[in-house]
>>> print(open('target.tsv').read())   # TSV, C-alpha atoms
chain	number	residue	atom	x	y	z
A	1	MET	CA	139.49	148.75	131.90
A	2	TYR	CA	138.43	145.95	134.21
A	3	GLY	CA	136.01	143.52	132.70
A	4	TRP	CA	134.86	139.96	132.65
A	5	TYR	CA	136.57	137.65	130.20
A	6	PRO	CA	134.51	134.45	130.22
A	7	GLN	CA	136.92	132.56	127.99
A	8	GLU	CA	139.68	133.17	130.53
A	9	GLY	CA	137.53	132.81	133.65
A	10	TYR	CA	139.09	135.66	135.64
A	11	TYR	CA	139.01	139.44	136.27
A	12	PRO	CA	142.15	141.39	135.47
A	13	ILE	CA	142.70	143.23	138.74
A	14	SER	CA	145.25	145.50	140.35
A	15	ALA	CA	147.68	144.27	143.00
A	16	GLY	CA	145.67	145.94	145.81
A	17	GLU	CA	142.44	144.27	144.74
A	18	GLY	CA	144.14	140.92	144.18
A	19	ARG	CA	143.60	139.36	147.57
A	20	TYR	CA	139.82	139.86	147.57
A	21	TYR	CA	139.31	138.71	144.03
A	22	ASN	CA	141.71	135.78	144.31
A	23	ASP	CA	139.74	134.38	147.25
A	24	TYR	CA	136.48	134.95	145.40
A	25	GLU	CA	137.79	133.41	142.18
A	26	LEU	CA	139.29	130.51	144.05
A	27	LEU	CA	135.97	129.74	145.74
A	28	ARG	CA	134.13	130.13	142.43
A	29	HIS	CA	136.50	127.72	140.69
A	30	ILE	CA	136.26	125.24	143.56
A	31	ALA	CA	132.46	125.34	143.31
A	32	ARG	CA	132.66	124.79	139.54
A	33	LEU	CA	135.05	121.85	140.01
A	34	GLU	CA	132.79	120.36	142.69
A	35	ARG	CA	129.83	120.53	140.26
A	36	GLN	CA	131.89	118.84	137.54
A	37	LEU	CA	133.09	116.18	140.00
A	38	ALA	CA	129.49	115.48	141.04
A	39	GLU	CA	128.52	115.05	137.37
A	40	VAL	CA	131.43	112.67	136.77
A	41	GLN	CA	130.63	110.68	139.92
A	42	GLY	CA	126.99	110.42	138.84
A	43	ALA	CA	128.02	109.14	135.41
A	44	MET	CA	130.48	106.67	136.97
A	45	SER	CA	127.79	105.41	139.34
A	46	ALA	CA	125.42	104.84	136.41
A	47	CYS	CA	128.16	102.97	134.50
A	48	THR	CA	128.99	100.85	137.55
A	49	LYS	CA	125.33	99.89	137.98
A	50	LYS	CA	125.03	99.06	134.28
A	51	ASN	CA	128.24	96.99	134.31
A	52	GLY	CA	127.04	95.15	137.41
A	53	ALA	CA	123.75	94.33	135.72
A	54	LEU	CA	125.55	93.15	132.57
A	55	LYS	CA	127.85	90.90	134.61
A	56	LYS	CA	124.83	89.39	136.37
A	57	ASP	CA	123.18	88.77	132.99
A	58	LEU	CA	126.34	87.11	131.68
A	59	GLU	CA	126.54	84.90	134.75
A	60	VAL	CA	122.92	83.81	134.24
A	61	VAL	CA	123.73	83.03	130.60
A	62	ARG	CA	126.77	81.01	131.67
A	63	GLN	CA	124.75	79.02	134.22
A	64	GLN	CA	121.81	78.35	131.90
A	65	SER	CA	123.85	77.55	128.78
A	66	SER	CA	124.63	73.86	128.45
A	67	VAL	CA	127.46	74.71	126.02
A	68	GLN	CA	129.15	77.01	128.56
A	69	THR	CA	128.87	74.54	131.44
A	70	GLN	CA	130.04	71.68	129.20
A	71	ASN	CA	133.08	73.72	128.12
A	72	ASP	CA	133.87	74.56	131.76
A	73	GLN	CA	133.71	70.86	132.68
A	74	THR	CA	135.70	69.79	129.61
A	75	TYR	CA	138.44	72.33	130.40
A	76	GLN	CA	138.84	70.75	133.87
A	77	SER	CA	139.49	67.32	132.32
A	78	PRO	CA	143.19	66.32	132.33
A	79	ALA	CA	142.87	64.71	128.87
A	80	VAL	CA	142.08	68.03	127.18
A	81	ASP	CA	144.77	69.76	125.11
A	82	LYS	CA	144.98	73.08	126.95
A	83	VAL	CA	146.78	75.95	125.27
A	84	ASN	CA	147.35	79.60	125.88
A	85	VAL	CA	146.62	81.87	122.94
A	86	LYS	CA	147.60	85.49	122.61
A	87	CYS	CA	145.25	87.94	120.95
A	88	ILE	CA	147.22	89.84	118.32
A	89	ALA	CA	144.42	91.97	116.89
A	90	ALA	CA	140.68	92.34	117.36
A	91	THR	CA	138.83	94.52	114.88
A	92	GLU	CA	135.28	94.84	113.65
A	93	THR	CA	136.04	92.47	110.78
A	94	SER	CA	138.33	89.82	112.31
A	95	VAL	CA	140.20	88.55	115.33
A	96	THR	CA	143.75	87.17	115.19
A	97	PHE	CA	145.32	84.85	117.76
A	98	GLU	CA	148.86	83.55	118.04
A	99	ILE	CA	149.26	79.89	118.96
A	100	SER	CA	152.55	77.98	118.85
A	101	GLY	CA	154.21	80.74	116.84
A	102	ARG	CA	151.47	80.77	114.19
A	103	ARG	CA	148.81	83.37	113.65
A	104	LEU	CA	145.24	82.24	113.18
A	105	THR	CA	142.76	84.78	111.83
A	106	PHE	CA	139.02	84.38	112.21
A	107	ASP	CA	136.71	86.56	110.13
A	108	SER	CA	133.79	88.17	111.92
A	109	ASP	CA	131.32	87.83	109.06
A	110	TYR	CA	131.06	84.15	109.97
A	111	TYR	CA	131.88	84.17	113.69
A	112	GLY	CA	130.51	87.51	114.91
A	113	LYS	CA	132.11	90.71	116.11
A	114	TYR	CA	134.66	90.14	118.86
A	115	ALA	CA	136.37	93.54	118.95
A	116	GLY	CA	135.06	94.30	122.45
A	117	GLU	CA	135.44	90.78	123.79
A	118	TYR	CA	139.15	90.17	123.18
A	119	THR	CA	141.97	92.54	124.11
A	120	PRO	CA	145.05	92.70	121.85
A	121	GLY	CA	148.16	91.61	123.74
A	122	LYS	CA	146.26	89.58	126.34
A	123	VAL	CA	146.77	85.83	126.75
A	124	TYR	CA	143.64	83.66	126.96
A	125	VAL	CA	143.02	80.10	128.07
A	126	ALA	CA	141.87	77.81	125.30
A	127	MET	CA	141.16	74.24	124.38
A	128	ALA	CA	142.42	72.93	121.05
A	129	ASP	CA	140.88	70.15	119.03
A	130	TYR	CA	142.77	68.89	115.99
A	131	GLY	CA	140.65	66.54	113.98
A	132	ALA	CA	139.84	65.66	110.37
A	133	GLY	CA	142.26	68.26	109.05
A	134	GLN	CA	140.57	71.07	110.99
A	135	ILE	CA	141.73	73.14	113.94
A	136	TYR	CA	139.06	74.10	116.46
A	137	LEU	CA	139.89	76.50	119.25
A	138	THR	CA	137.53	77.10	122.15
A	139	ILE	CA	138.68	80.33	123.78
A	140	LYS	CA	137.32	82.10	126.86
A	141	ASP	CA	136.83	85.85	126.29
A	142	ASP	CA	137.14	88.83	128.65
A	143	ASN	CA	133.61	88.15	129.96
A	144	GLU	CA	134.41	84.49	130.78
A	145	ILE	CA	132.28	83.26	127.86
A	146	TRP	CA	133.60	80.40	125.70
A	147	HIS	CA	133.68	80.85	121.90
A	148	THR	CA	134.59	78.09	119.47
A	149	PHE	CA	136.52	79.00	116.32
A	150	ARG	CA	137.35	76.86	113.30
A	151	TYR	CA	140.52	78.02	111.63
A	152	SER	CA	140.07	80.02	108.45
A	153	ARG	CA	143.66	80.78	107.41
A	154	ILE	CA	147.19	80.74	108.80
A	155	GLN	CA	149.50	83.72	108.50
A	156	SER	CA	153.25	83.39	108.80
>>> encode(input="target.tsv", output="structure tokens")
Amino acid sequence: MYGWYPQEGYYPISAGEGRYYNDYELLRHIARLERQLAEVQGAMSACTKKNGALKKDLEVVRQQSSVQTQNDQTYQSPAVDKVNVKCIAATETSVTFEISGRRLTFDSDYYGKYAGEYTPGKVYVAMADYGAGQIYLTIKDDNEIWHTFRYSRIQS
């Protein structure tokens, strides 16, 4: 009548046997949870180390890239048209920003894939350049890297 049910993880026991088996089962479950927690902590530690290394790599890129340092210096200039843009959508095929009530969509086949670099709903700092009938936006992404976009179409 009494048997092991691995899918349930317990022994069906009588009331008299309950105290002994409950302590045993409790300790067994605690040990199992401790093993799972150790696995999760190990995975988190590996991710933290990897993210730290990626951030260091990005910082090196920012320091060695003349375009990035020039954009940082240009943004500090008081004569620059600074705007805040809100990311509406970022997919594998396009990224859409809202600026002054208008939506600007940039296709990724020309500009790259920005799905992991911009977060929908987040507001980003940007510099706008309106010249020769074109709109250029230089927008800093989640990794503090500047990207320059030339408008492709306006949605209402």
>>> closest_residue(input="target.tsv", among="A:Tyr136, A:Val40, A:Thr105, A:Asp129", to="Ala79 of chain A", atoms="all atoms listed in the file")
A:Asp129
>>> residues_near_point(input="target.tsv", point="(135.1, 91.3, 124.5)", cutoff="9 Å", atoms="only C-alpha atoms", output="list in words")
Lys113, Tyr114, Ala115, Gly116, Glu117, Tyr118, Thr119, Asp141, Asp142 and Asn143 of chain A
>>> residues_near_point(input="target.tsv", point="(139.1, 78.2, 122.6)", cutoff="6 Å", atoms="all atoms listed in the file", output="PyMOL selection string")
chain A and resi 126-127+137-139+148
>>> atom_distance(input="target.tsv", atom1="atom CA of Thr96 of chain A", atom2="atom CA of Asn84 of chain A")
13.6 Å
>>> residues_around(input="target.tsv", residues="Glu144 of chain A", least_positions_apart="2", cutoff="9 Å", atoms="all atoms listed in the file", output="count of residues only")
7
>>> closest_residue(input="target.tsv", among="A:Ser45, A:Lys82, A:Lys122, A:Tyr75", to="Glu98 of chain A", atoms="only C-alpha atoms")
A:Lys122
>>> atom_distance(input="target.tsv", atom1="atom CA of Lys86 of chain A", atom2="atom CA of Val60 of chain A")
27.3 Å
>>> atom_distance(input="target.tsv", atom1="atom CA of Asp72 of chain A", atom2="atom CA of Val85 of chain A")
17.1 Å
>>> axis_aligned_box(input="target.tsv", around="segment 119-137 of chain A", padding_each_side="3 Å", output="AutoDock Vina command-line options")
--center_x 143.6 --center_y 79.2 --center_z 118.6 --size_x 15.1 --size_y 33.0 --size_z 25.0
>>> decode(input="target.tsv", residues="segment 41-145 of chain A", atoms="C-alpha atoms", output="compact mmCIF listing (two decimals), in the first residue's frame")
# COMPACT_ATOMS: atom_id res chain seq x y z
CA GLN A 41 23.67 31.04 -8.26
CA GLY A 42 26.39 29.48 -10.41
CA ALA A 43 24.53 30.44 -13.58
CA MET A 44 23.94 33.97 -12.27
CA SER A 45 27.61 34.33 -11.40
CA ALA A 46 28.59 33.27 -14.92
CA CYS A 47 26.12 35.77 -16.41
CA THR A 48 27.40 38.55 -14.15
CA LYS A 49 31.00 37.86 -15.20
CA LYS A 50 30.00 37.79 -18.87
CA ASN A 51 28.00 41.04 -18.56
CA GLY A 52 30.91 42.68 -16.77
CA ALA A 53 33.27 41.65 -19.55
CA LEU A 54 30.85 42.92 -22.21
CA LYS A 55 30.51 46.28 -20.44
CA LYS A 56 34.30 46.60 -20.29
CA ASP A 57 34.50 45.80 -24.01
CA LEU A 58 31.85 48.42 -24.78
CA GLU A 59 33.70 51.00 -22.71
CA VAL A 60 36.91 50.28 -24.63
CA VAL A 61 34.99 50.67 -27.90
CA ARG A 62 33.54 53.98 -26.69
CA GLN A 63 36.98 55.30 -25.70
CA GLN A 64 38.72 54.17 -28.89
CA SER A 65 35.98 55.22 -31.31
CA SER A 66 36.43 58.75 -32.61
CA VAL A 67 32.75 58.81 -33.63
CA GLN A 68 31.59 57.98 -30.09
CA THR A 69 33.86 60.55 -28.42
CA GLN A 70 32.91 63.18 -31.02
CA ASN A 71 29.20 62.53 -30.37
CA ASP A 72 29.76 62.79 -26.61
CA GLN A 73 31.53 66.14 -27.08
CA THR A 74 28.93 67.40 -29.57
CA TYR A 75 26.09 66.52 -27.18
CA GLN A 76 27.72 68.71 -24.49
CA SER A 77 27.69 71.73 -26.81
CA PRO A 78 24.91 74.24 -26.02
CA ALA A 79 24.29 74.90 -29.74
CA VAL A 80 23.13 71.33 -30.38
CA ASP A 81 19.41 70.62 -30.83
CA LYS A 82 18.87 68.12 -28.02
CA VAL A 83 15.69 66.09 -28.01
CA ASN A 84 14.23 63.23 -26.07
CA VAL A 85 12.86 60.39 -28.16
CA LYS A 86 10.67 57.57 -26.95
CA CYS A 87 11.14 54.09 -28.32
CA ILE A 88 7.75 52.80 -29.44
CA ALA A 89 8.80 49.44 -30.85
CA ALA A 90 12.03 47.55 -31.45
CA THR A 91 11.83 44.38 -33.50
CA GLU A 92 14.22 42.31 -35.57
CA THR A 93 13.18 44.22 -38.69
CA SER A 94 12.77 47.84 -37.52
CA VAL A 95 12.88 50.32 -34.67
CA THR A 96 10.28 53.07 -34.18
CA PHE A 97 10.81 56.26 -32.18
CA GLU A 98 8.37 59.01 -31.29
CA ILE A 99 9.65 62.58 -31.57
CA SER A 100 7.47 65.68 -31.30
CA GLY A 101 4.30 63.62 -31.68
CA ARG A 102 5.51 61.91 -34.86
CA ARG A 103 6.65 58.36 -35.28
CA LEU A 104 9.86 57.70 -37.16
CA THR A 105 10.54 54.13 -38.28
CA PHE A 106 13.99 52.90 -39.21
CA ASP A 107 14.34 49.60 -41.03
CA SER A 108 17.01 47.23 -39.79
CA ASP A 109 18.03 45.92 -43.21
CA TYR A 110 19.87 49.21 -43.71
CA TYR A 111 20.71 50.22 -40.13
CA GLY A 112 21.24 46.90 -38.34
CA LYS A 113 19.30 45.00 -35.71
CA TYR A 114 18.48 47.12 -32.68
CA ALA A 115 15.93 44.89 -30.94
CA GLY A 116 18.23 44.27 -27.96
CA GLU A 117 19.66 47.78 -27.83
CA TYR A 118 16.47 49.84 -27.45
CA THR A 119 13.68 49.16 -24.97
CA PRO A 120 10.08 49.96 -25.99
CA GLY A 121 8.60 52.63 -23.73
CA LYS A 122 11.97 54.05 -22.67
CA VAL A 123 12.97 57.65 -23.40
CA TYR A 124 16.44 58.22 -24.88
CA VAL A 125 18.63 61.28 -25.27
CA ALA A 126 19.23 62.29 -28.86
CA MET A 127 20.65 64.96 -31.09
CA ALA A 128 18.65 66.06 -34.11
CA ASP A 129 20.05 67.47 -37.31
CA TYR A 130 17.62 68.86 -39.87
CA GLY A 131 19.38 69.64 -43.09
CA ALA A 132 18.86 69.41 -46.85
CA GLY A 133 15.38 67.95 -46.43
CA GLN A 134 16.67 65.09 -44.27
CA ILE A 135 16.21 64.30 -40.60
CA TYR A 136 19.19 62.73 -38.84
CA LEU A 137 18.84 61.49 -35.29
CA THR A 138 21.83 60.44 -33.23
CA ILE A 139 20.44 58.39 -30.34
CA LYS A 140 22.26 56.80 -27.42
CA ASP A 141 21.18 53.18 -26.82
CA ASP A 142 20.88 51.11 -23.62
CA ASN A 143 24.64 50.40 -23.75
CA GLU A 144 25.54 54.11 -24.00
CA ILE A 145 26.55 53.73 -27.66
